[in-house]
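> What follows is the file protein_9.cif, containing mmCIF, C-alpha atoms, pLDDT in the B column; chains and numbers go by the auth columns:
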```
data_upload
#
loop_
_atom_site.group_PDB
_atom_site.id
_atom_site.type_symbol
_atom_site.label_atom_id
_atom_site.label_comp_id
_atom_site.label_asym_id
_atom_site.label_seq_id
_atom_site.Cartn_x
_atom_site.Cartn_y
_atom_site.Cartn_z
_atom_site.B_iso_or_equiv
_atom_site.auth_seq_id
_atom_site.auth_asym_id
ATOM 1 C CA MET A 1 212.534 96.213 65.516 69.00 1 N
ATOM 2 C CA SER A 2 211.233 97.378 68.866 90.00 2 N
ATOM 3 C CA THR A 3 213.043 98.541 71.962 94.00 3 N
ATOM 4 C CA VAL A 4 215.203 96.062 73.870 95.00 4 N
ATOM 5 C CA ALA A 5 214.739 95.506 77.599 97.00 5 N
ATOM 6 C CA VAL A 6 218.118 95.636 79.341 97.00 6 N
ATOM 7 C CA THR A 7 219.032 94.690 82.921 98.00 7 N
ATOM 8 C CA ASP A 8 222.091 95.152 85.103 98.00 8 N
ATOM 9 C CA GLN A 9 223.085 91.618 84.081 98.00 9 N
ATOM 10 C CA SER A 10 222.689 92.145 80.329 98.00 10 N
ATOM 11 C CA PHE A 11 223.961 95.758 80.091 98.00 11 N
ATOM 12 C CA GLU A 12 227.536 94.852 79.187 97.00 12 N
ATOM 13 C CA THR A 13 226.492 92.467 76.414 97.00 13 N
ATOM 14 C CA ASP A 14 223.485 94.423 75.097 96.00 14 N
ATOM 15 C CA VAL A 15 224.948 97.938 75.296 97.00 15 N
ATOM 16 C CA LEU A 16 228.702 98.073 75.901 97.00 16 N
ATOM 17 C CA LYS A 17 229.542 95.262 73.457 96.00 17 N
ATOM 18 C CA ALA A 18 226.834 96.088 70.899 95.00 18 N
ATOM 19 C CA ASN A 19 227.605 96.648 67.243 93.00 19 N
ATOM 20 C CA GLY A 20 226.651 100.212 66.440 94.00 20 N
ATOM 21 C CA PRO A 21 225.221 102.979 68.604 97.00 21 N
ATOM 22 C CA VAL A 22 222.781 102.204 71.421 97.00 22 N
ATOM 23 C CA LEU A 23 220.320 104.709 72.864 98.00 23 N
ATOM 24 C CA VAL A 24 219.612 103.713 76.476 98.00 24 N
ATOM 25 C CA ASP A 25 216.457 105.015 78.144 98.00 25 N
ATOM 26 C CA PHE A 26 216.625 104.912 81.951 98.00 26 N
ATOM 27 C CA TRP A 27 212.993 104.789 83.133 98.00 27 N
ATOM 28 C CA ALA A 28 210.541 103.516 85.780 97.00 28 N
ATOM 29 C CA GLU A 29 206.883 102.380 85.788 96.00 29 N
ATOM 30 C CA TRP A 30 205.832 105.248 88.074 97.00 30 N
ATOM 31 C CA CYS A 31 207.437 107.966 85.924 97.00 31 N
ATOM 32 C CA GLY A 32 204.876 109.939 83.898 96.00 32 N
ATOM 33 C CA PRO A 33 207.385 111.625 81.549 97.00 33 N
ATOM 34 C CA CYS A 34 208.987 108.215 80.918 97.00 34 N
ATOM 35 C CA LYS A 35 205.620 106.901 79.722 95.00 35 N
ATOM 36 C CA GLN A 36 205.225 110.008 77.526 95.00 36 N
ATOM 37 C CA ILE A 37 208.393 109.308 75.533 97.00 37 N
ATOM 38 C CA GLY A 38 207.867 105.529 75.353 96.00 38 N
ATOM 39 C CA PRO A 39 205.862 105.557 72.085 96.00 39 N
ATOM 40 C CA ALA A 40 208.385 107.917 70.426 96.00 40 N
ATOM 41 C CA LEU A 41 211.248 105.603 71.393 97.00 41 N
ATOM 42 C CA GLU A 42 209.346 102.600 69.992 96.00 42 N
ATOM 43 C CA GLN A 43 208.869 104.487 66.693 96.00 43 N
ATOM 44 C CA ILE A 44 212.537 105.495 66.587 96.00 44 N
ATOM 45 C CA ALA A 45 213.572 101.884 67.268 96.00 45 N
ATOM 46 C CA SER A 46 211.489 100.745 64.277 95.00 46 N
ATOM 47 C CA GLU A 47 212.467 103.582 61.949 95.00 47 N
ATOM 48 C CA LEU A 48 216.208 103.375 62.689 95.00 48 N
ATOM 49 C CA ALA A 49 216.501 99.589 62.897 92.00 49 N
ATOM 50 C CA GLY A 50 219.932 98.677 61.568 91.00 50 N
ATOM 51 C CA GLU A 51 221.319 102.147 62.401 93.00 51 N
ATOM 52 C CA LEU A 52 220.533 102.314 66.121 96.00 52 N
ATOM 53 C CA THR A 53 219.452 100.037 68.947 96.00 53 N
ATOM 54 C CA VAL A 54 217.040 101.525 71.488 97.00 54 N
ATOM 55 C CA ALA A 55 217.386 99.891 74.898 98.00 55 N
ATOM 56 C CA LYS A 56 215.301 100.519 78.014 98.00 56 N
ATOM 57 C CA ILE A 57 216.507 99.850 81.548 98.00 57 N
ATOM 58 C CA ASN A 58 214.068 99.977 84.464 98.00 58 N
ATOM 59 C CA ILE A 59 215.918 101.738 87.287 98.00 59 N
ATOM 60 C CA ASP A 60 213.820 100.000 89.968 97.00 60 N
ATOM 61 C CA ASP A 61 214.537 96.501 88.658 97.00 61 N
ATOM 62 C CA SER A 62 218.188 97.228 87.792 98.00 62 N
ATOM 63 C CA PRO A 63 219.592 99.940 90.121 97.00 63 N
ATOM 64 C CA THR A 64 223.314 99.192 89.703 97.00 64 N
ATOM 65 C CA THR A 65 223.762 100.463 86.129 97.00 65 N
ATOM 66 C CA PRO A 66 221.972 103.815 86.643 97.00 66 N
ATOM 67 C CA ALA A 67 224.053 104.399 89.787 97.00 67 N
ATOM 68 C CA ARG A 68 227.274 103.617 87.888 97.00 68 N
ATOM 69 C CA TYR A 69 226.418 106.231 85.249 97.00 69 N
ATOM 70 C CA GLY A 70 225.202 108.859 87.719 96.00 70 N
ATOM 71 C CA VAL A 71 221.538 108.844 86.709 96.00 71 N
ATOM 72 C CA ARG A 72 219.784 111.218 89.117 94.00 72 N
ATOM 73 C CA GLY A 73 216.557 112.003 87.280 95.00 73 N
ATOM 74 C CA ILE A 74 214.415 110.132 84.810 97.00 74 N
ATOM 75 C CA PRO A 75 213.860 109.876 82.007 97.00 75 N
ATOM 76 C CA THR A 76 217.556 110.003 81.198 98.00 76 N
ATOM 77 C CA MET A 77 218.696 108.971 77.731 98.00 77 N
ATOM 78 C CA MET A 78 222.313 108.087 77.030 98.00 78 N
ATOM 79 C CA LEU A 79 223.855 107.305 73.684 98.00 79 N
ATOM 80 C CA PHE A 80 226.595 104.678 73.821 97.00 80 N
ATOM 81 C CA ARG A 81 229.169 104.055 71.092 96.00 81 N
ATOM 82 C CA ASP A 82 231.918 101.442 71.236 94.00 82 N
ATOM 83 C CA GLY A 83 231.294 100.798 74.927 94.00 83 N
ATOM 84 C CA GLN A 84 231.459 104.479 75.919 95.00 84 N
ATOM 85 C CA MET A 85 228.762 106.976 76.781 96.00 85 N
ATOM 86 C CA ALA A 86 228.912 109.542 73.954 96.00 86 N
ATOM 87 C CA SER A 87 226.031 111.869 74.837 97.00 87 N
ATOM 88 C CA MET A 88 223.252 112.300 77.402 97.00 88 N
ATOM 89 C CA LYS A 89 219.888 114.050 77.640 97.00 89 N
ATOM 90 C CA ILE A 90 217.749 114.349 80.767 96.00 90 N
ATOM 91 C CA GLY A 91 213.991 114.812 80.667 96.00 91 N
ATOM 92 C CA ALA A 92 211.177 114.049 78.271 96.00 92 N
ATOM 93 C CA MET A 93 211.273 115.538 74.803 96.00 93 N
ATOM 94 C CA PRO A 94 209.242 115.091 71.636 96.00 94 N
ATOM 95 C CA LYS A 95 210.302 112.581 69.008 96.00 95 N
ATOM 96 C CA SER A 96 211.553 115.371 66.704 96.00 96 N
ATOM 97 C CA LYS A 97 213.930 116.642 69.406 96.00 97 N
ATOM 98 C CA ILE A 98 215.220 113.126 70.107 96.00 98 N
ATOM 99 C CA LEU A 99 215.890 112.677 66.371 96.00 99 N
ATOM 100 C CA ASP A 100 217.631 116.073 66.219 96.00 100 N
ATOM 101 C CA TRP A 101 219.851 115.065 69.155 96.00 101 N
ATOM 102 C CA LEU A 102 220.692 111.734 67.528 96.00 102 N
ATOM 103 C CA ALA A 103 221.551 113.476 64.250 95.00 103 N
ATOM 104 C CA GLU A 104 223.848 115.893 66.127 94.00 104 N
ATOM 105 C CA THR A 105 225.708 112.896 67.569 93.00 105 N
ATOM 106 C CA GLY A 106 226.236 111.378 64.124 92.00 106 N
ATOM 107 C CA VAL A 107 223.470 108.794 64.073 92.00 107 N
ATOM 108 C CA LYS A 108 221.973 108.491 60.587 89.00 108 N
ATOM 109 C CA THR A 109 218.317 109.433 61.170 85.00 109 N
ATOM 110 C CA ALA A 110 216.983 109.756 57.613 73.00 110 N
ATOM 111 C CA ALA A 111 217.066 107.512 54.578 55.00 111 N
#
```
What's the structure tokens form of this structure?


Amino acid sequence: MSTVAVTDQSFETDVLKANGPVLVDFWAEWCGPCKQIGPALEQIASELAGELTVAKINIDDSPTTPARYGVRGIPTMMLFRDGQMASMKIGAMPKSKILDWLAETGVKTAA
């Protein structure tokens, strides 16, 4: 499974009402670091399919949701569980660090 594109309109259904944890990547086309972590997030989405949903929300196309959650810099990644933001990381990081963070939050990252 690949990443899921989310908008202001679909955020409640795709993230807040999702079954299981959802990693939301707040990004923009013009953001270099956002493009850097894109491939890692695609790999994580594939590797953890069934354990985790990876959603991406473009802050230019959907500005309401990032404003509601206080996103000030991108990339910002937030982990949502049961409709609540459980953890947040700001800035680009390698795939291994993203996986470490997810493991710390209780997401099963290895078979």

> Pick out the closest residue to Ala103 in chain N from this set: N:Pro21, N:Ile37, N:Gly50, N:Glu42. Count only C-alpha atoms.

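Counting only C-alpha atoms, the residue closest to Ala103 in chain N is N:Pro21.
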
> Under the rule of at most 8 Å, produce a per-residue listing of range 4-39 of chain N near range 71-86 of chain N: chain, number, name, the closest pair of atoms, and the distance in Å, as CSV, using all atoms listed in the file.


```
residue,atom,partner,partner_atom,distance
N:Val15,CA,N:Gly83,CA,7.0
N:Leu16,CA,N:Gly83,CA,3.9
N:Lys17,CA,N:Gly83,CA,6.0
N:Ala18,CA,N:Asp82,CA,7.4
N:Asn19,CA,N:Asp82,CA,7.6
N:Gly20,CA,N:Arg81,CA,6.5
N:Pro21,CA,N:Arg81,CA,4.8
N:Val22,CA,N:Phe80,CA,5.1
N:Leu23,CA,N:Leu79,CA,4.5
N:Val24,CA,N:Met78,CA,5.2
N:Asp25,CA,N:Met77,CA,4.6
N:Phe26,CA,N:Thr76,CA,5.2
N:Trp27,CA,N:Pro75,CA,5.3
N:Ala28,CA,N:Ile74,CA,7.7
N:Cys31,CA,N:Ile74,CA,7.4
N:Pro33,CA,N:Pro75,CA,6.7
N:Cys34,CA,N:Pro75,CA,5.3
```

> Can you work out the spacing between CA of Asp100 in chain N and CA of Pro66 in chain N in Å, to one decimal?

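Taking CA of Asp100 in chain N and CA of Pro66 in chain N, their separation equals 24.2 Å.
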
> Would you mind listing what lies within 9 Å of Glu47 in chain N as a VMD selection string, with only C-alpha atoms counted and same-chain residues fewer than 3 positions away left out?

chain N and resid 1 42 to 44 50 to 51 109 to 110

> Determine the nearest neighbour of Thr7 in chain N from the options N:Ala55, N:Met88, N:Leu48, N:Leu41, counting only C-alpha atoms.

N:Ala55

> CA of Val54 in chain N and CA of Asp8 in chain N, how far apart in Å?

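The value is 15.9 Å.
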
> Between CA of Gly106 in chain N and CA of Ser87 in chain N, what is the spacing in Å?

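So the answer is 10.7 Å.
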